[in-house]
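Heads up: the structure comes next, in structure tokens.
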Amino acid sequence: MNWLDSAQRYGAVSRAVHWGMATLLILMLGTEWLAELVGMSEREAMTLHKSVGLLLLGLLVFRLLWRGVNHGRLESHAHWKWAARLGHLALYAAMLLIPVSGLLAALGSGHGVEFFGLPLFAPGAEIEWLEEAAEETHEVLANLLWLLIGVHVLASLAHQFWLHDNTLRRMA
Ligand code: HEM
Ligand code: HEM
């Protein structure tokens, strides 16, 4: 098995991180709806939401380091190279800023933050301005992520089936 990326295809680690994070991010975007579906209380759902969100932040750090390790191994596209770079950059920015704003909103609320039961930040005083600003940012960016994912999926389908450059195969 190829752990590292090769000229024609993302390696096993890059693919696992891409699809694992994509699945978790989409589940995170649907937290409220999913909680209702499985009959979870809002409080339980938010506790899980914060832990999975922090896990995603950790995975993002690993992903960026792994990208550095693989730098230059994968051939870049002949078509729309700059559009792809810009699109991926926007997705990375969203994957960073969404959990950071979520963390700031949680800190502002004063409820404290746990990571799967492990206390990370103790409960403290509510900081209203921080909570409000970070919640607003978190929500706007989460909505923007839906849009970015939509454009990203359409772009990868267009590459595969219109430009026929096997883009989907590289990540599949
Ligand atoms: C939350 C959802 C998603 C995020 C945040 C995301 C993010 C990314 C990023 C940042 C890249 C650049 C390569 C890298 O650094 O790993 C990438 C590549 C790719 N993604 Fe996604 N992705 C998501 C969902 C999807 C879905 C649902 C598809 C299926 C159509 C898809 C198909 C691809 C393909 C084919 C590539 C390779 C593009 C290339 O070779 O240039 N992604 N994705
Ligand atoms: C990493 C990906 C994350 C995604 C995609 C995400 C997405 C979302 C979404 C869609 C909502 C509902 C927004 C609304 O309608 O009000 C939400 C709410 C919230 N998230 Fe996240 N989140 C992420 C990470 C985090 C993290 C790491 C934390 C904290 C440690 C966090 C804390 C919160 C809080 C406190 C709320 C409730 C805000 C409110 O009451 O309006 N999130 N998040």
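By convention here, the chains of the structure tokens are called A, B, ... in the order presented, each chain's residues are numbered starting at 1, and ligands are numbered starting at 1 in the order presented.
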
Using only C-alpha atoms, find each residue of range 99-168 of chain A with at least one atom at most 10 Å away from an atom of range 54-71 of chain A; report its shortest atom-to-atom pair and that distance in Å (one decimal), sort the rows by chain and rising residue number, and return the result as a Markdown table.
| residue | atom | partner | partner_atom | distance |
| --- | --- | --- | --- | --- |
| A:Pro99 | CA | A:Leu57 | CA | 6.4 |
| A:Val100 | CA | A:Leu57 | CA | 8.0 |
| A:Gly102 | CA | A:Leu54 | CA | 9.2 |
| A:Leu103 | CA | A:Leu54 | CA | 8.1 |
| A:Val113 | CA | A:Leu54 | CA | 9.9 |
| A:Glu114 | CA | A:Leu54 | CA | 9.4 |
| A:Phe115 | CA | A:Leu54 | CA | 7.2 |
| A:Phe116 | CA | A:Leu55 | CA | 9.5 |

Selected residues written out, C-alpha atoms, as an mmCIF file, in the first residue's frame:
data_model
loop_
_atom_site.group_PDB
_atom_site.id
_atom_site.type_symbol
_atom_site.label_atom_id
_atom_site.label_comp_id
_atom_site.auth_asym_id
_atom_site.auth_seq_id
_atom_site.Cartn_x
_atom_site.Cartn_y
_atom_site.Cartn_z
ATOM 1 C CA PRO A 99 -13.464 25.201 15.232
ATOM 2 C CA VAL A 100 -11.450 28.189 16.522
ATOM 3 C CA GLY A 102 -16.521 27.540 18.148
ATOM 4 C CA LEU A 103 -13.914 27.261 20.871
ATOM 5 C CA VAL A 113 -14.787 22.857 27.540
ATOM 6 C CA GLU A 114 -14.127 19.118 27.794
ATOM 7 C CA PHE A 115 -12.491 16.828 25.270
ATOM 8 C CA PHE A 116 -14.362 13.491 25.483
#

| request: Skip range 121-130 of chain A itself and residues of its chain fewer than 2 positions away, then list as a PyMOL selection string all residues within 12 Å of it, counting only C-alpha atoms. | output: chain A and resi 50+101-115+117-119+132-138

Would you output that residue set with N, CA and C atoms, as a PDB file, in the first residue's frame?
ATOM      1  N   LYS A  50     -18.608  19.695  20.674  1.00  0.00           N
ATOM      2  CA  LYS A  50     -17.352  20.394  21.016  1.00  0.00           C
ATOM      3  C   LYS A  50     -16.174  19.425  20.956  1.00  0.00           C
ATOM      4  N   SER A 101     -13.474  29.530  16.097  1.00  0.00           N
ATOM      5  CA  SER A 101     -14.567  30.419  16.532  1.00  0.00           C
ATOM      6  C   SER A 101     -15.502  29.671  17.483  1.00  0.00           C
ATOM      7  N   GLY A 102     -15.682  28.353  17.251  1.00  0.00           N
ATOM      8  CA  GLY A 102     -16.521  27.540  18.148  1.00  0.00           C
ATOM      9  C   GLY A 102     -15.918  27.488  19.542  1.00  0.00           C
ATOM     10  N   LEU A 103     -14.605  27.313  19.575  1.00  0.00           N
ATOM     11  CA  LEU A 103     -13.914  27.261  20.871  1.00  0.00           C
ATOM     12  C   LEU A 103     -14.055  28.595  21.598  1.00  0.00           C
ATOM     13  N   LEU A 104     -13.897  29.698  20.852  1.00  0.00           N
ATOM     14  CA  LEU A 104     -14.033  31.029  21.467  1.00  0.00           C
ATOM     15  C   LEU A 104     -15.457  31.249  21.972  1.00  0.00           C
ATOM     16  N   ALA A 105     -16.455  30.747  21.207  1.00  0.00           N
ATOM     17  CA  ALA A 105     -17.853  30.887  21.642  1.00  0.00           C
ATOM     18  C   ALA A 105     -18.067  30.102  22.935  1.00  0.00           C
ATOM     19  N   ALA A 106     -17.481  28.902  22.995  1.00  0.00           N
ATOM     20  CA  ALA A 106     -17.648  28.059  24.191  1.00  0.00           C
ATOM     21  C   ALA A 106     -16.948  28.710  25.388  1.00  0.00           C
ATOM     22  N   LEU A 107     -15.769  29.294  25.154  1.00  0.00           N
ATOM     23  CA  LEU A 107     -15.054  29.965  26.256  1.00  0.00           C
ATOM     24  C   LEU A 107     -15.839  31.179  26.729  1.00  0.00           C
ATOM     25  N   GLY A 108     -16.384  31.934  25.758  1.00  0.00           N
ATOM     26  CA  GLY A 108     -17.176  33.123  26.089  1.00  0.00           C
ATOM     27  C   GLY A 108     -18.415  32.775  26.911  1.00  0.00           C
ATOM     28  N   SER A 109     -18.981  31.608  26.649  1.00  0.00           N
ATOM     29  CA  SER A 109     -20.210  31.217  27.369  1.00  0.00           C
ATOM     30  C   SER A 109     -19.926  30.907  28.840  1.00  0.00           C
ATOM     31  N   GLY A 110     -18.663  30.626  29.142  1.00  0.00           N
ATOM     32  CA  GLY A 110     -18.274  30.350  30.530  1.00  0.00           C
ATOM     33  C   GLY A 110     -18.626  28.948  31.001  1.00  0.00           C
ATOM     34  N   HIS A 111     -19.102  28.087  30.084  1.00  0.00           N
ATOM     35  CA  HIS A 111     -19.503  26.732  30.495  1.00  0.00           C
ATOM     36  C   HIS A 111     -18.342  25.763  30.666  1.00  0.00           C
ATOM     37  N   GLY A 112     -17.163  26.165  30.196  1.00  0.00           N
ATOM     38  CA  GLY A 112     -16.025  25.239  30.242  1.00  0.00           C
ATOM     39  C   GLY A 112     -16.040  24.327  29.032  1.00  0.00           C
ATOM     40  N   VAL A 113     -14.888  23.734  28.719  1.00  0.00           N
ATOM     41  CA  VAL A 113     -14.787  22.857  27.540  1.00  0.00           C
ATOM     42  C   VAL A 113     -14.102  21.562  27.947  1.00  0.00           C
ATOM     43  N   GLU A 114     -14.729  20.438  27.554  1.00  0.00           N
ATOM     44  CA  GLU A 114     -14.127  19.118  27.794  1.00  0.00           C
ATOM     45  C   GLU A 114     -13.815  18.472  26.459  1.00  0.00           C
ATOM     46  N   PHE A 115     -12.794  17.596  26.469  1.00  0.00           N
ATOM     47  CA  PHE A 115     -12.491  16.828  25.270  1.00  0.00           C
ATOM     48  C   PHE A 115     -12.770  15.363  25.588  1.00  0.00           C
ATOM     49  N   GLY A 117     -14.670  14.094  27.824  1.00  0.00           N
ATOM     50  CA  GLY A 117     -14.638  13.863  29.272  1.00  0.00           C
ATOM     51  C   GLY A 117     -13.406  14.436  29.961  1.00  0.00           C
ATOM     52  N   LEU A 118     -12.383  14.763  29.195  1.00  0.00           N
ATOM     53  CA  LEU A 118     -11.155  15.326  29.772  1.00  0.00           C
ATOM     54  C   LEU A 118     -11.303  16.849  29.865  1.00  0.00           C
ATOM     55  N   PRO A 119     -11.275  17.427  31.092  1.00  0.00           N
ATOM     56  CA  PRO A 119     -11.483  18.881  31.172  1.00  0.00           C
ATOM     57  C   PRO A 119     -10.317  19.659  30.551  1.00  0.00           C
ATOM     58  N   GLU A 132     -21.053  36.360  21.886  1.00  0.00           N
ATOM     59  CA  GLU A 132     -21.911  36.797  20.784  1.00  0.00           C
ATOM     60  C   GLU A 132     -21.150  36.872  19.467  1.00  0.00           C
ATOM     61  N   ALA A 133     -19.970  37.508  19.511  1.00  0.00           N
ATOM     62  CA  ALA A 133     -19.205  37.695  18.263  1.00  0.00           C
ATOM     63  C   ALA A 133     -18.744  36.341  17.716  1.00  0.00           C
ATOM     64  N   ALA A 134     -18.273  35.466  18.602  1.00  0.00           N
ATOM     65  CA  ALA A 134     -17.748  34.180  18.132  1.00  0.00           C
ATOM     66  C   ALA A 134     -18.873  33.274  17.628  1.00  0.00           C
ATOM     67  N   GLU A 135     -20.042  33.315  18.287  1.00  0.00           N
ATOM     68  CA  GLU A 135     -21.186  32.498  17.841  1.00  0.00           C
ATOM     69  C   GLU A 135     -21.629  32.920  16.449  1.00  0.00           C
ATOM     70  N   GLU A 136     -21.696  34.248  16.267  1.00  0.00           N
ATOM     71  CA  GLU A 136     -22.122  34.786  14.963  1.00  0.00           C
ATOM     72  C   GLU A 136     -21.137  34.333  13.873  1.00  0.00           C
ATOM     73  N   THR A 137     -19.826  34.473  14.174  1.00  0.00           N
ATOM     74  CA  THR A 137     -18.788  34.084  13.207  1.00  0.00           C
ATOM     75  C   THR A 137     -18.897  32.587  12.902  1.00  0.00           C
ATOM     76  N   HIS A 138     -19.055  31.785  13.976  1.00  0.00           N
ATOM     77  CA  HIS A 138     -19.144  30.331  13.848  1.00  0.00           C
ATOM     78  C   HIS A 138     -20.294  29.943  12.913  1.00  0.00           C
TER      79      HIS A 138
END

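Separating CA of Gly53 in chain A from atom 29 (C, counted along the ligand's line) of ligand 1 is a distance of 21.2 Å.
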
| field | Neighbourhood of ligand 1 at 9 Å, counting only C-alpha atoms and all ligand atoms, reported as an MDAnalysis selection string | value | chainID A and resid 8:10 14:15 17:19 21:26 63:64 67 74:77 81 84:85 87:92 94:95 145:146 148:150 152:157 159:160 166:172

Those selected residues, please, written with N, CA and C atoms and delivered as a compact mmCIF listing (two decimals), in the first residue's frame.
# COMPACT_ATOMS: atom_id res chain seq x y z
N GLN A 8 0.44 10.33 -9.44
CA GLN A 8 -0.91 10.22 -10.01
C GLN A 8 -2.03 10.11 -8.99
N ARG A 9 -1.67 9.83 -7.71
CA ARG A 9 -2.74 9.54 -6.76
C ARG A 9 -2.37 9.96 -5.34
N TYR A 10 -3.38 10.43 -4.59
CA TYR A 10 -3.17 10.70 -3.17
C TYR A 10 -2.89 9.36 -2.48
N SER A 14 -3.44 10.42 3.10
CA SER A 14 -4.14 11.62 2.63
C SER A 14 -5.60 11.31 2.33
N ARG A 15 -5.85 10.13 1.73
CA ARG A 15 -7.23 9.78 1.38
C ARG A 15 -8.06 9.53 2.64
N VAL A 17 -7.58 10.70 5.64
CA VAL A 17 -7.83 11.96 6.36
C VAL A 17 -8.87 12.80 5.60
N HIS A 18 -8.77 12.84 4.26
CA HIS A 18 -9.74 13.62 3.48
C HIS A 18 -11.16 13.12 3.72
N TRP A 19 -11.39 11.80 3.55
CA TRP A 19 -12.76 11.27 3.65
C TRP A 19 -13.24 11.23 5.10
N MET A 21 -12.33 13.32 7.55
CA MET A 21 -12.67 14.69 7.95
C MET A 21 -13.93 15.17 7.24
N ALA A 22 -14.07 14.82 5.96
CA ALA A 22 -15.26 15.26 5.21
C ALA A 22 -16.52 14.70 5.89
N THR A 23 -16.49 13.42 6.27
CA THR A 23 -17.66 12.80 6.91
C THR A 23 -17.97 13.49 8.24
N LEU A 24 -16.93 13.66 9.06
CA LEU A 24 -17.15 14.28 10.37
C LEU A 24 -17.64 15.73 10.23
N LEU A 25 -17.06 16.46 9.26
CA LEU A 25 -17.47 17.86 9.09
C LEU A 25 -18.95 17.95 8.70
N ILE A 26 -19.38 17.05 7.82
CA ILE A 26 -20.78 17.09 7.39
C ILE A 26 -21.70 16.71 8.56
N ARG A 63 -3.10 16.99 9.19
CA ARG A 63 -3.26 17.02 7.73
C ARG A 63 -2.28 18.01 7.08
N LEU A 64 -2.12 19.18 7.73
CA LEU A 64 -1.22 20.19 7.17
C LEU A 64 0.23 19.71 7.24
N ARG A 67 0.69 17.13 4.59
CA ARG A 67 0.76 17.80 3.29
C ARG A 67 2.18 18.29 3.04
N LEU A 74 2.71 14.94 -5.70
CA LEU A 74 1.56 14.78 -6.59
C LEU A 74 1.68 15.77 -7.75
N GLU A 75 1.40 15.30 -8.97
CA GLU A 75 1.44 16.21 -10.12
C GLU A 75 0.30 17.22 -10.03
N SER A 76 0.57 18.51 -10.35
CA SER A 76 -0.56 19.44 -10.27
C SER A 76 -1.37 19.35 -11.57
N HIS A 77 -2.61 19.88 -11.49
CA HIS A 77 -3.52 19.75 -12.63
C HIS A 77 -3.12 20.62 -13.80
N LYS A 81 -5.76 25.20 -12.50
CA LYS A 81 -4.86 24.96 -11.38
C LYS A 81 -5.06 25.99 -10.27
N ALA A 84 -8.39 25.62 -8.41
CA ALA A 84 -8.34 24.50 -7.46
C ALA A 84 -7.58 24.91 -6.20
N ARG A 85 -6.44 25.60 -6.40
CA ARG A 85 -5.65 26.05 -5.24
C ARG A 85 -6.45 26.96 -4.34
N GLY A 87 -9.74 27.24 -4.17
CA GLY A 87 -10.84 26.49 -3.54
C GLY A 87 -10.35 25.69 -2.35
N HIS A 88 -9.19 25.02 -2.50
CA HIS A 88 -8.66 24.21 -1.40
C HIS A 88 -8.22 25.11 -0.23
N LEU A 89 -7.65 26.28 -0.59
CA LEU A 89 -7.24 27.23 0.45
C LEU A 89 -8.45 27.69 1.26
N ALA A 90 -9.56 27.97 0.56
CA ALA A 90 -10.79 28.42 1.25
C ALA A 90 -11.30 27.31 2.16
N LEU A 91 -11.24 26.05 1.70
CA LEU A 91 -11.70 24.92 2.54
C LEU A 91 -10.81 24.80 3.78
N TYR A 92 -9.49 24.94 3.60
CA TYR A 92 -8.57 24.88 4.76
C TYR A 92 -8.87 26.01 5.74
N ALA A 94 -11.68 27.53 6.22
CA ALA A 94 -12.94 27.22 6.94
C ALA A 94 -12.69 26.14 7.99
N MET A 95 -11.88 25.12 7.65
CA MET A 95 -11.62 24.02 8.60
C MET A 95 -10.84 24.50 9.82
N LEU A 145 -19.30 27.10 4.72
CA LEU A 145 -18.70 25.79 4.44
C LEU A 145 -19.62 24.94 3.57
N TRP A 146 -20.94 25.02 3.82
CA TRP A 146 -21.88 24.28 2.95
C TRP A 146 -21.66 24.68 1.49
N LEU A 148 -18.97 26.12 0.12
CA LEU A 148 -17.66 25.68 -0.37
C LEU A 148 -17.67 24.20 -0.73
N ILE A 149 -18.35 23.39 0.11
CA ILE A 149 -18.41 21.95 -0.16
C ILE A 149 -19.17 21.72 -1.48
N GLY A 150 -20.26 22.47 -1.66
CA GLY A 150 -21.06 22.33 -2.89
C GLY A 150 -20.21 22.63 -4.13
N HIS A 152 -16.93 22.61 -4.33
CA HIS A 152 -15.86 21.61 -4.37
C HIS A 152 -16.33 20.30 -5.02
N VAL A 153 -17.51 19.84 -4.64
CA VAL A 153 -18.04 18.59 -5.20
C VAL A 153 -18.33 18.79 -6.69
N LEU A 154 -18.98 19.93 -7.03
CA LEU A 154 -19.27 20.18 -8.45
C LEU A 154 -17.98 20.27 -9.26
N ALA A 155 -16.95 20.93 -8.68
CA ALA A 155 -15.68 21.08 -9.40
C ALA A 155 -15.04 19.71 -9.61
N SER A 156 -15.07 18.84 -8.59
CA SER A 156 -14.41 17.55 -8.78
C SER A 156 -15.18 16.68 -9.78
N LEU A 157 -16.52 16.82 -9.79
CA LEU A 157 -17.30 16.07 -10.79
C LEU A 157 -17.02 16.62 -12.20
N HIS A 159 -14.24 18.06 -13.22
CA HIS A 159 -12.91 17.58 -13.60
C HIS A 159 -12.99 16.16 -14.15
N GLN A 160 -13.71 15.32 -13.40
CA GLN A 160 -13.75 13.91 -13.74
C GLN A 160 -14.51 13.64 -15.04
N ASN A 166 -9.32 12.58 -14.52
CA ASN A 166 -9.21 11.56 -13.45
C ASN A 166 -9.05 12.11 -12.04
N THR A 167 -9.56 13.32 -11.83
CA THR A 167 -9.40 13.95 -10.52
C THR A 167 -10.01 13.12 -9.39
N LEU A 168 -11.20 12.58 -9.63
CA LEU A 168 -11.89 11.82 -8.59
C LEU A 168 -11.10 10.55 -8.25
N ARG A 169 -10.49 9.94 -9.26
CA ARG A 169 -9.67 8.72 -9.06
C ARG A 169 -8.48 9.02 -8.14
N ARG A 170 -7.94 10.25 -8.24
CA ARG A 170 -6.75 10.59 -7.42
C ARG A 170 -7.07 10.53 -5.94
N MET A 171 -8.34 10.81 -5.60
CA MET A 171 -8.72 10.88 -4.20
C MET A 171 -9.54 9.66 -3.78
N ALA A 172 -9.99 8.86 -4.75
CA ALA A 172 -10.91 7.74 -4.42
C ALA A 172 -10.15 6.52 -3.88

| task | Determine which residues of chain A receive a DSSP assignment of strand (DSSP E or B), computed from the backbone, and state them as a ChimeraX atom specification. | result | /A:113-115,118-121

| message | Taking only range 7-146 of chain A into account, list the residues labelled alpha helix (DSSP H) by DSSP (computed from the backbone), as a PyMOL selection string. | response | chain A and resi 12-29+31-38+42-69+81-109+128-146

Selection to disk with C-alpha atoms, as an mmCIF file, in the first residue's frame:
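Dumped everything to selection-v3.cif:
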data_model
loop_
_atom_site.group_PDB
_atom_site.id
_atom_site.type_symbol
_atom_site.label_atom_id
_atom_site.label_comp_id
_atom_site.auth_asym_id
_atom_site.auth_seq_id
_atom_site.Cartn_x
_atom_site.Cartn_y
_atom_site.Cartn_z
ATOM 1 C CA ALA A 12 -3.621 6.068 1.787
ATOM 2 C CA VAL A 13 -3.072 8.542 4.633
ATOM 3 C CA SER A 14 -4.140 11.624 2.625
ATOM 4 C CA ARG A 15 -7.232 9.781 1.383
ATOM 5 C CA ALA A 16 -8.202 8.491 4.835
ATOM 6 C CA VAL A 17 -7.826 11.962 6.358
ATOM 7 C CA HIS A 18 -9.740 13.616 3.482
ATOM 8 C CA TRP A 19 -12.759 11.271 3.649
ATOM 9 C CA GLY A 20 -12.691 10.935 7.447
ATOM 10 C CA MET A 21 -12.671 14.691 7.953
ATOM 11 C CA ALA A 22 -15.264 15.258 5.210
ATOM 12 C CA THR A 23 -17.656 12.799 6.912
ATOM 13 C CA LEU A 24 -17.147 14.284 10.373
ATOM 14 C CA LEU A 25 -17.469 17.861 9.087
ATOM 15 C CA ILE A 26 -20.780 17.091 7.386
ATOM 16 C CA LEU A 27 -22.062 15.358 10.559
ATOM 17 C CA MET A 28 -20.949 18.435 12.565
ATOM 18 C CA LEU A 29 -22.827 20.755 10.189
ATOM 19 C CA THR A 31 -25.530 18.447 14.654
ATOM 20 C CA GLU A 32 -28.943 19.877 15.555
ATOM 21 C CA TRP A 33 -30.792 17.759 13.023
ATOM 22 C CA LEU A 34 -28.882 14.570 13.964
ATOM 23 C CA ALA A 35 -29.435 15.107 17.691
ATOM 24 C CA GLU A 36 -33.170 15.311 17.057
ATOM 25 C CA LEU A 37 -33.038 12.204 14.878
ATOM 26 C CA VAL A 38 -31.347 10.026 17.543
ATOM 27 C CA GLU A 42 -29.335 19.575 23.272
ATOM 28 C CA ARG A 43 -26.796 19.559 26.104
ATOM 29 C CA GLU A 44 -25.454 16.072 25.292
ATOM 30 C CA ALA A 45 -25.295 16.945 21.608
ATOM 31 C CA MET A 46 -23.312 20.144 22.275
ATOM 32 C CA THR A 47 -20.843 18.307 24.534
ATOM 33 C CA LEU A 48 -20.199 15.786 21.753
ATOM 34 C CA HIS A 49 -20.149 18.602 19.152
ATOM 35 C CA LYS A 50 -17.352 20.394 21.016
ATOM 36 C CA SER A 51 -15.253 17.219 21.447
ATOM 37 C CA VAL A 52 -15.583 16.149 17.793
ATOM 38 C CA GLY A 53 -14.878 19.756 16.728
ATOM 39 C CA LEU A 54 -11.636 19.786 18.718
ATOM 40 C CA LEU A 55 -10.717 16.391 17.251
ATOM 41 C CA LEU A 56 -11.203 17.921 13.795
ATOM 42 C CA LEU A 57 -8.881 20.778 14.751
ATOM 43 C CA GLY A 58 -6.214 18.208 15.752
ATOM 44 C CA LEU A 59 -6.758 16.281 12.509
ATOM 45 C CA LEU A 60 -6.331 19.526 10.579
ATOM 46 C CA VAL A 61 -2.918 20.136 12.173
ATOM 47 C CA PHE A 62 -1.891 16.563 11.277
ATOM 48 C CA ARG A 63 -3.259 17.024 7.729
ATOM 49 C CA LEU A 64 -1.223 20.192 7.174
ATOM 50 C CA LEU A 65 1.953 18.505 8.466
ATOM 51 C CA TRP A 66 1.286 15.470 6.242
ATOM 52 C CA ARG A 67 0.758 17.798 3.291
ATOM 53 C CA GLY A 68 4.188 19.274 4.009
ATOM 54 C CA VAL A 69 5.746 15.773 4.062
ATOM 55 C CA LYS A 81 -4.856 24.960 -11.376
ATOM 56 C CA TRP A 82 -5.313 28.321 -9.667
ATOM 57 C CA ALA A 83 -9.041 27.834 -9.146
ATOM 58 C CA ALA A 84 -8.344 24.497 -7.464
ATOM 59 C CA ARG A 85 -5.651 26.046 -5.239
ATOM 60 C CA LEU A 86 -7.962 28.882 -4.247
ATOM 61 C CA GLY A 87 -10.841 26.491 -3.544
ATOM 62 C CA HIS A 88 -8.660 24.212 -1.396
ATOM 63 C CA LEU A 89 -7.237 27.232 0.451
ATOM 64 C CA ALA A 90 -10.786 28.416 1.253
ATOM 65 C CA LEU A 91 -11.697 24.923 2.540
ATOM 66 C CA TYR A 92 -8.575 24.876 4.755
ATOM 67 C CA ALA A 93 -9.390 28.372 6.070
ATOM 68 C CA ALA A 94 -12.936 27.225 6.935
ATOM 69 C CA MET A 95 -11.621 24.021 8.597
ATOM 70 C CA LEU A 96 -9.395 26.204 10.802
ATOM 71 C CA LEU A 97 -11.620 29.200 11.549
ATOM 72 C CA ILE A 98 -14.812 27.223 12.283
ATOM 73 C CA PRO A 99 -13.464 25.201 15.232
ATOM 74 C CA VAL A 100 -11.450 28.189 16.522
ATOM 75 C CA SER A 101 -14.567 30.419 16.532
ATOM 76 C CA GLY A 102 -16.521 27.540 18.148
ATOM 77 C CA LEU A 103 -13.914 27.261 20.871
ATOM 78 C CA LEU A 104 -14.033 31.029 21.467
ATOM 79 C CA ALA A 105 -17.853 30.887 21.642
ATOM 80 C CA ALA A 106 -17.648 28.059 24.191
ATOM 81 C CA LEU A 107 -15.054 29.965 26.256
ATOM 82 C CA GLY A 108 -17.176 33.123 26.089
ATOM 83 C CA SER A 109 -20.210 31.217 27.369
ATOM 84 C CA GLU A 128 -20.895 38.250 26.624
ATOM 85 C CA TRP A 129 -19.229 40.192 23.790
ATOM 86 C CA LEU A 130 -16.902 37.264 23.019
ATOM 87 C CA GLU A 131 -19.715 34.716 23.088
ATOM 88 C CA GLU A 132 -21.911 36.797 20.784
ATOM 89 C CA ALA A 133 -19.205 37.695 18.263
ATOM 90 C CA ALA A 134 -17.748 34.180 18.132
ATOM 91 C CA GLU A 135 -21.186 32.498 17.841
ATOM 92 C CA GLU A 136 -22.122 34.786 14.963
ATOM 93 C CA THR A 137 -18.788 34.084 13.207
ATOM 94 C CA HIS A 138 -19.144 30.331 13.848
ATOM 95 C CA GLU A 139 -22.604 30.265 12.312
ATOM 96 C CA VAL A 140 -21.752 32.401 9.260
ATOM 97 C CA LEU A 141 -18.629 30.325 8.537
ATOM 98 C CA ALA A 142 -20.542 27.056 8.956
ATOM 99 C CA ASN A 143 -23.058 28.281 6.353
ATOM 100 C CA LEU A 144 -20.179 29.289 4.091
ATOM 101 C CA LEU A 145 -18.703 25.786 4.444
ATOM 102 C CA TRP A 146 -21.880 24.283 2.945
#

| field | A:Val151, A:Leu163, A:Leu120, A:Ala7 ranked by distance to ligand 2, top pick (using only C-alpha atoms and all ligand atoms) | value | A:Leu120

| Between A:Asn2, A:Gly30, A:Gly11, A:His79, which one has atoms that come closest to His164 in chain A, using only C-alpha atoms? | A:His79
